[in-house]
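In what follows, a single structure is set out as structure tokens and then discussed.
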Amino acid sequence: MAQDHTIRAFDEDLGQLNGLIAQMGGQALGLIRDAIDALRRGDHDLAAQVIVRDKELDVVEAEVERLAIQLIALRAPVAGDLRQVVAAFKISGMLERVGDHAKNIARSTLKIQDFRFDALAQVPAISDIAAGMIHSALDAYAAQDAHLAEDVVARDDQVDALYHDLIRGLIAHLSDHSANVVTATELLLIARNIERIGDNATNIAEAVYYAASGVVMPDRHKLPD
């Protein structure tokens, strides 16, 4: 009977932990969406709001950390249960960094005055893929789905390819239009932050894969063709 109570208590705590990860995921995706929307529309007010709202993620991350440590100390989970708690702890830090990248995009937006820059049209496409990766990685976490986690990691190549295309285009533009150096520089920083969001999605997926399968995801770049 006592064992049943312990299992039920652990499941309730784990459910609360998973709920906090879902909350952080929703907040992080909202920050990405609004940061890119602010950039697209040249909306400095919305960009400023993104910067302020990033602090909300820090609060939830601290709660995840507190609950995860409490769960390990009081419930002593093992095997798959322990991996899931540790994954939640790691993922909360990754989502906090996603929020930081969205905040950085918003800060760059505040420095841009000319929003007719041609390269701006490329940014939402990269952002959509990166945000989609975060969304899928969180779905994989909720379902403990190692196969979906693998799919997320595979999509990072798309983000990298678009990122490098944008960088090359911006560098070529700067060689002919030095007067746009401020806008181009901020767009370089924005592109880098979006690329890092994709990297964090990959890291989340790798944590999910390990939690679900008990093995480290193979490095796809080292696998034979």
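For the structure tokens, the naming scheme is as follows: chains receive sequential letters (A, B, ...) according to their order of presentation, residues are indexed from 1 within each chain, and ligands are indexed from 1 in presentation order.
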Margin query: Give me the residues near Leu170 (chain A) as a PyMOL selection string, where near means some atom within 12 Å (using only C-alpha atoms) and where sequence neighbours in that chain fewer than 6 positions away do not count.
Written below: chain A and resi 117-120+122-123+163-164+176-178+180-191
Checklist line | Which of A:Ser108, A:Gln113, A:Gln23, A:Gln84 sits closest to Val50 (chain A) [using only C-alpha atoms] | finding: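 With only C-alpha atoms as the atom set, the closest residue is A:Ser108.
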Check: What does the distance from CA of Phe89 (chain A) to CA of Leu138 (chain A) come to in Å, to one decimal?
Finding: 13.5 Å
Just asking: which residues within chain A are alpha helix (DSSP H) according to DSSP, as a PDB file with C-alpha atoms, in the first residue's frame?
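part_16.pdb written:
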```
ATOM      1  CA  ALA A   2       2.821   2.380   0.924  1.00  0.00           C
ATOM      2  CA  GLN A   3       4.545   1.519  -2.345  1.00  0.00           C
ATOM      3  CA  ASP A   4       1.374   2.368  -4.303  1.00  0.00           C
ATOM      4  CA  HIS A   5       1.227   5.728  -2.537  1.00  0.00           C
ATOM      5  CA  THR A   6       4.887   6.414  -3.376  1.00  0.00           C
ATOM      6  CA  ILE A   7       4.359   5.552  -7.036  1.00  0.00           C
ATOM      7  CA  ARG A   8       1.250   7.732  -7.195  1.00  0.00           C
ATOM      8  CA  ALA A   9       3.060  10.637  -5.524  1.00  0.00           C
ATOM      9  CA  PHE A  10       5.962  10.326  -7.978  1.00  0.00           C
ATOM     10  CA  ASP A  11       3.590  10.255 -10.945  1.00  0.00           C
ATOM     11  CA  GLU A  12       1.864  13.392  -9.672  1.00  0.00           C
ATOM     12  CA  ASP A  13       5.176  15.202  -9.217  1.00  0.00           C
ATOM     13  CA  LEU A  14       6.354  14.086 -12.660  1.00  0.00           C
ATOM     14  CA  GLY A  15       3.081  15.296 -14.145  1.00  0.00           C
ATOM     15  CA  GLN A  16       3.662  18.692 -12.549  1.00  0.00           C
ATOM     16  CA  LEU A  17       7.209  18.741 -13.925  1.00  0.00           C
ATOM     17  CA  ASN A  18       5.969  17.888 -17.410  1.00  0.00           C
ATOM     18  CA  GLY A  19       3.354  20.619 -17.128  1.00  0.00           C
ATOM     19  CA  LEU A  20       6.046  23.178 -16.347  1.00  0.00           C
ATOM     20  CA  ILE A  21       8.077  22.065 -19.381  1.00  0.00           C
ATOM     21  CA  ALA A  22       4.974  22.445 -21.556  1.00  0.00           C
ATOM     22  CA  GLN A  23       4.428  25.916 -20.080  1.00  0.00           C
ATOM     23  CA  MET A  24       8.014  26.922 -20.804  1.00  0.00           C
ATOM     24  CA  GLY A  25       7.714  25.560 -24.324  1.00  0.00           C
ATOM     25  CA  GLY A  26       4.623  27.623 -24.995  1.00  0.00           C
ATOM     26  CA  GLN A  27       6.281  30.733 -23.621  1.00  0.00           C
ATOM     27  CA  ALA A  28       9.469  30.182 -25.647  1.00  0.00           C
ATOM     28  CA  LEU A  29       7.545  29.617 -28.874  1.00  0.00           C
ATOM     29  CA  GLY A  30       5.494  32.736 -28.181  1.00  0.00           C
ATOM     30  CA  LEU A  31       8.668  34.773 -27.753  1.00  0.00           C
ATOM     31  CA  ILE A  32      10.093  33.471 -31.036  1.00  0.00           C
ATOM     32  CA  ARG A  33       6.847  34.231 -32.872  1.00  0.00           C
ATOM     33  CA  ASP A  34       6.562  37.747 -31.493  1.00  0.00           C
ATOM     34  CA  ALA A  35      10.251  38.550 -31.977  1.00  0.00           C
ATOM     35  CA  ILE A  36      10.058  37.604 -35.661  1.00  0.00           C
ATOM     36  CA  ASP A  37       6.709  39.364 -36.047  1.00  0.00           C
ATOM     37  CA  ALA A  38       8.228  42.525 -34.545  1.00  0.00           C
ATOM     38  CA  LEU A  39      11.098  42.271 -37.010  1.00  0.00           C
ATOM     39  CA  ARG A  40       8.807  41.681 -39.979  1.00  0.00           C
ATOM     40  CA  ARG A  41       6.570  44.632 -39.113  1.00  0.00           C
ATOM     41  CA  HIS A  44       9.675  48.376 -31.806  1.00  0.00           C
ATOM     42  CA  ASP A  45       6.940  48.265 -29.164  1.00  0.00           C
ATOM     43  CA  LEU A  46       6.414  44.517 -29.653  1.00  0.00           C
ATOM     44  CA  ALA A  47      10.178  43.956 -29.643  1.00  0.00           C
ATOM     45  CA  ALA A  48      10.402  45.741 -26.293  1.00  0.00           C
ATOM     46  CA  GLN A  49       7.634  43.518 -24.919  1.00  0.00           C
ATOM     47  CA  VAL A  50       9.566  40.386 -25.935  1.00  0.00           C
ATOM     48  CA  ILE A  51      12.577  41.601 -23.988  1.00  0.00           C
ATOM     49  CA  VAL A  52      10.482  42.095 -20.846  1.00  0.00           C
ATOM     50  CA  ARG A  53       8.607  38.796 -21.183  1.00  0.00           C
ATOM     51  CA  ASP A  54      11.819  36.783 -21.393  1.00  0.00           C
ATOM     52  CA  LYS A  55      12.114  37.134 -17.613  1.00  0.00           C
ATOM     53  CA  GLU A  56       8.995  34.965 -17.228  1.00  0.00           C
ATOM     54  CA  LEU A  57      10.930  31.982 -18.564  1.00  0.00           C
ATOM     55  CA  ASP A  58      13.594  32.442 -15.894  1.00  0.00           C
ATOM     56  CA  VAL A  59      10.946  32.148 -13.176  1.00  0.00           C
ATOM     57  CA  VAL A  60       9.538  28.878 -14.529  1.00  0.00           C
ATOM     58  CA  GLU A  61      13.029  27.457 -15.102  1.00  0.00           C
ATOM     59  CA  ALA A  62      13.819  28.033 -11.429  1.00  0.00           C
ATOM     60  CA  GLU A  63      10.642  26.173 -10.471  1.00  0.00           C
ATOM     61  CA  VAL A  64      11.575  23.239 -12.730  1.00  0.00           C
ATOM     62  CA  GLU A  65      15.014  23.099 -11.108  1.00  0.00           C
ATOM     63  CA  ARG A  66      13.508  23.154  -7.620  1.00  0.00           C
ATOM     64  CA  LEU A  67      10.966  20.443  -8.390  1.00  0.00           C
ATOM     65  CA  ALA A  68      13.462  18.201 -10.221  1.00  0.00           C
ATOM     66  CA  ILE A  69      15.920  18.323  -7.306  1.00  0.00           C
ATOM     67  CA  GLN A  70      13.097  17.663  -4.857  1.00  0.00           C
ATOM     68  CA  LEU A  71      11.895  14.709  -6.930  1.00  0.00           C
ATOM     69  CA  ILE A  72      15.331  13.119  -7.027  1.00  0.00           C
ATOM     70  CA  ALA A  73      15.972  13.727  -3.320  1.00  0.00           C
ATOM     71  CA  LEU A  74      12.593  12.553  -2.008  1.00  0.00           C
ATOM     72  CA  ARG A  75      11.472   9.933  -4.543  1.00  0.00           C
ATOM     73  CA  ALA A  79      16.198   3.963 -14.699  1.00  0.00           C
ATOM     74  CA  GLY A  80      13.658   5.539 -17.066  1.00  0.00           C
ATOM     75  CA  ASP A  81      12.032   7.639 -14.339  1.00  0.00           C
ATOM     76  CA  LEU A  82      15.362   9.193 -13.397  1.00  0.00           C
ATOM     77  CA  ARG A  83      16.234   9.840 -17.046  1.00  0.00           C
ATOM     78  CA  GLN A  84      12.942  11.654 -17.546  1.00  0.00           C
ATOM     79  CA  VAL A  85      13.482  13.902 -14.527  1.00  0.00           C
ATOM     80  CA  VAL A  86      17.040  14.711 -15.608  1.00  0.00           C
ATOM     81  CA  ALA A  87      15.809  15.378 -19.159  1.00  0.00           C
ATOM     82  CA  ALA A  88      13.227  17.842 -17.848  1.00  0.00           C
ATOM     83  CA  PHE A  89      15.944  19.613 -15.854  1.00  0.00           C
ATOM     84  CA  LYS A  90      18.186  19.901 -18.925  1.00  0.00           C
ATOM     85  CA  ILE A  91      15.365  20.889 -21.278  1.00  0.00           C
ATOM     86  CA  SER A  92      14.265  23.731 -19.018  1.00  0.00           C
ATOM     87  CA  GLY A  93      17.736  25.247 -19.359  1.00  0.00           C
ATOM     88  CA  MET A  94      17.626  24.853 -23.129  1.00  0.00           C
ATOM     89  CA  LEU A  95      14.226  26.540 -23.332  1.00  0.00           C
ATOM     90  CA  GLU A  96      15.515  29.384 -21.178  1.00  0.00           C
ATOM     91  CA  ARG A  97      18.305  29.854 -23.724  1.00  0.00           C
ATOM     92  CA  VAL A  98      15.745  29.826 -26.550  1.00  0.00           C
ATOM     93  CA  GLY A  99      14.056  32.718 -24.778  1.00  0.00           C
ATOM     94  CA  ASP A 100      17.412  34.502 -24.603  1.00  0.00           C
ATOM     95  CA  HIS A 101      17.844  34.106 -28.357  1.00  0.00           C
ATOM     96  CA  ALA A 102      14.362  35.522 -28.980  1.00  0.00           C
ATOM     97  CA  LYS A 103      15.267  38.435 -26.695  1.00  0.00           C
ATOM     98  CA  ASN A 104      18.456  39.004 -28.689  1.00  0.00           C
ATOM     99  CA  ILE A 105      16.438  39.103 -31.914  1.00  0.00           C
ATOM    100  CA  ALA A 106      14.164  41.708 -30.336  1.00  0.00           C
ATOM    101  CA  ARG A 107      17.155  43.778 -29.219  1.00  0.00           C
ATOM    102  CA  SER A 108      18.557  43.746 -32.745  1.00  0.00           C
ATOM    103  CA  THR A 109      15.150  44.780 -34.088  1.00  0.00           C
ATOM    104  CA  LEU A 110      15.247  47.868 -31.882  1.00  0.00           C
ATOM    105  CA  LYS A 111      18.496  48.916 -33.594  1.00  0.00           C
ATOM    106  CA  VAL A 123      14.427  35.450 -42.015  1.00  0.00           C
ATOM    107  CA  PRO A 124      10.857  34.164 -41.364  1.00  0.00           C
ATOM    108  CA  ALA A 125      11.527  30.992 -43.388  1.00  0.00           C
ATOM    109  CA  ILE A 126      14.504  30.088 -41.198  1.00  0.00           C
ATOM    110  CA  SER A 127      12.585  31.022 -38.056  1.00  0.00           C
ATOM    111  CA  ASP A 128       9.583  28.888 -39.022  1.00  0.00           C
ATOM    112  CA  ILE A 129      11.748  25.791 -39.352  1.00  0.00           C
ATOM    113  CA  ALA A 130      13.588  26.448 -36.082  1.00  0.00           C
ATOM    114  CA  ALA A 131      10.339  27.108 -34.189  1.00  0.00           C
ATOM    115  CA  GLY A 132       8.813  23.996 -35.750  1.00  0.00           C
ATOM    116  CA  MET A 133      11.774  21.987 -34.474  1.00  0.00           C
ATOM    117  CA  ILE A 134      11.206  23.293 -30.939  1.00  0.00           C
ATOM    118  CA  HIS A 135       7.522  22.390 -31.176  1.00  0.00           C
ATOM    119  CA  SER A 136       8.269  18.875 -32.422  1.00  0.00           C
ATOM    120  CA  ALA A 137      10.988  18.351 -29.811  1.00  0.00           C
ATOM    121  CA  LEU A 138       8.474  19.227 -27.090  1.00  0.00           C
ATOM    122  CA  ASP A 139       5.938  16.850 -28.646  1.00  0.00           C
ATOM    123  CA  ALA A 140       8.632  14.159 -28.579  1.00  0.00           C
ATOM    124  CA  TYR A 141       9.258  14.898 -24.898  1.00  0.00           C
ATOM    125  CA  ALA A 142       5.574  14.715 -24.012  1.00  0.00           C
ATOM    126  CA  ALA A 143       5.189  11.394 -25.842  1.00  0.00           C
ATOM    127  CA  ALA A 146      12.622   8.630 -29.685  1.00  0.00           C
ATOM    128  CA  HIS A 147      11.750   8.413 -33.399  1.00  0.00           C
ATOM    129  CA  LEU A 148      10.227  11.904 -33.431  1.00  0.00           C
ATOM    130  CA  ALA A 149      13.322  13.153 -31.614  1.00  0.00           C
ATOM    131  CA  GLU A 150      15.476  11.741 -34.421  1.00  0.00           C
ATOM    132  CA  ASP A 151      13.337  13.548 -36.996  1.00  0.00           C
ATOM    133  CA  VAL A 152      13.892  16.854 -35.195  1.00  0.00           C
ATOM    134  CA  VAL A 153      17.659  16.444 -35.304  1.00  0.00           C
ATOM    135  CA  ALA A 154      17.569  15.633 -39.023  1.00  0.00           C
ATOM    136  CA  ASP A 156      18.619  21.006 -38.313  1.00  0.00           C
ATOM    137  CA  ASP A 157      20.423  20.723 -41.653  1.00  0.00           C
ATOM    138  CA  GLN A 158      17.679  22.851 -43.236  1.00  0.00           C
ATOM    139  CA  VAL A 159      18.223  25.619 -40.729  1.00  0.00           C
ATOM    140  CA  ASP A 160      21.985  25.498 -41.227  1.00  0.00           C
ATOM    141  CA  ALA A 161      21.678  25.626 -45.033  1.00  0.00           C
ATOM    142  CA  LEU A 162      19.312  28.614 -44.984  1.00  0.00           C
ATOM    143  CA  TYR A 163      21.458  30.338 -42.375  1.00  0.00           C
ATOM    144  CA  HIS A 164      24.596  30.038 -44.506  1.00  0.00           C
ATOM    145  CA  ASP A 165      22.712  31.224 -47.602  1.00  0.00           C
ATOM    146  CA  LEU A 166      21.555  34.311 -45.723  1.00  0.00           C
ATOM    147  CA  ILE A 167      25.044  35.015 -44.406  1.00  0.00           C
ATOM    148  CA  ARG A 168      26.522  34.814 -47.891  1.00  0.00           C
ATOM    149  CA  GLY A 169      23.826  37.131 -49.234  1.00  0.00           C
ATOM    150  CA  LEU A 170      24.376  39.687 -46.495  1.00  0.00           C
ATOM    151  CA  ILE A 171      28.136  39.687 -46.984  1.00  0.00           C
ATOM    152  CA  ALA A 172      27.696  40.154 -50.738  1.00  0.00           C
ATOM    153  CA  HIS A 173      25.242  42.999 -50.090  1.00  0.00           C
ATOM    154  CA  LEU A 174      27.662  44.748 -47.728  1.00  0.00           C
ATOM    155  CA  SER A 175      30.384  44.747 -50.357  1.00  0.00           C
ATOM    156  CA  ASP A 176      28.149  46.913 -52.592  1.00  0.00           C
ATOM    157  CA  VAL A 181      26.103  48.198 -42.469  1.00  0.00           C
ATOM    158  CA  VAL A 182      24.068  48.625 -39.255  1.00  0.00           C
ATOM    159  CA  THR A 183      20.995  46.842 -40.591  1.00  0.00           C
ATOM    160  CA  ALA A 184      23.072  44.098 -42.216  1.00  0.00           C
ATOM    161  CA  THR A 185      25.073  43.553 -39.030  1.00  0.00           C
ATOM    162  CA  GLU A 186      21.927  43.234 -36.927  1.00  0.00           C
ATOM    163  CA  LEU A 187      20.462  40.801 -39.458  1.00  0.00           C
ATOM    164  CA  LEU A 188      23.631  38.717 -39.179  1.00  0.00           C
ATOM    165  CA  LEU A 189      23.115  38.605 -35.418  1.00  0.00           C
ATOM    166  CA  ILE A 190      19.433  37.753 -35.850  1.00  0.00           C
ATOM    167  CA  ALA A 191      20.265  34.918 -38.244  1.00  0.00           C
ATOM    168  CA  ARG A 192      22.827  33.578 -35.781  1.00  0.00           C
ATOM    169  CA  ASN A 193      20.286  33.604 -32.961  1.00  0.00           C
ATOM    170  CA  ILE A 194      17.755  31.727 -35.090  1.00  0.00           C
ATOM    171  CA  GLU A 195      20.415  29.170 -35.986  1.00  0.00           C
ATOM    172  CA  ARG A 196      21.111  28.734 -32.264  1.00  0.00           C
ATOM    173  CA  ILE A 197      17.394  28.154 -31.632  1.00  0.00           C
ATOM    174  CA  GLY A 198      17.636  25.262 -34.077  1.00  0.00           C
ATOM    175  CA  ASP A 199      20.683  23.967 -32.207  1.00  0.00           C
ATOM    176  CA  ASN A 200      18.767  24.083 -28.921  1.00  0.00           C
ATOM    177  CA  ALA A 201      15.900  22.168 -30.527  1.00  0.00           C
ATOM    178  CA  THR A 202      18.454  19.525 -31.526  1.00  0.00           C
ATOM    179  CA  ASN A 203      19.797  19.416 -27.963  1.00  0.00           C
ATOM    180  CA  ILE A 204      16.272  19.002 -26.583  1.00  0.00           C
ATOM    181  CA  ALA A 205      15.616  16.175 -29.048  1.00  0.00           C
ATOM    182  CA  GLU A 206      18.845  14.425 -28.054  1.00  0.00           C
ATOM    183  CA  ALA A 207      17.864  14.660 -24.379  1.00  0.00           C
ATOM    184  CA  VAL A 208      14.445  13.215 -25.201  1.00  0.00           C
ATOM    185  CA  TYR A 209      16.005  10.395 -27.212  1.00  0.00           C
ATOM    186  CA  TYR A 210      18.191   9.393 -24.273  1.00  0.00           C
ATOM    187  CA  ALA A 211      15.335   9.653 -21.778  1.00  0.00           C
ATOM    188  CA  ALA A 212      13.076   7.504 -23.954  1.00  0.00           C
ATOM    189  CA  SER A 213      15.584   4.894 -25.134  1.00  0.00           C
TER     190      SER A 213
END
```
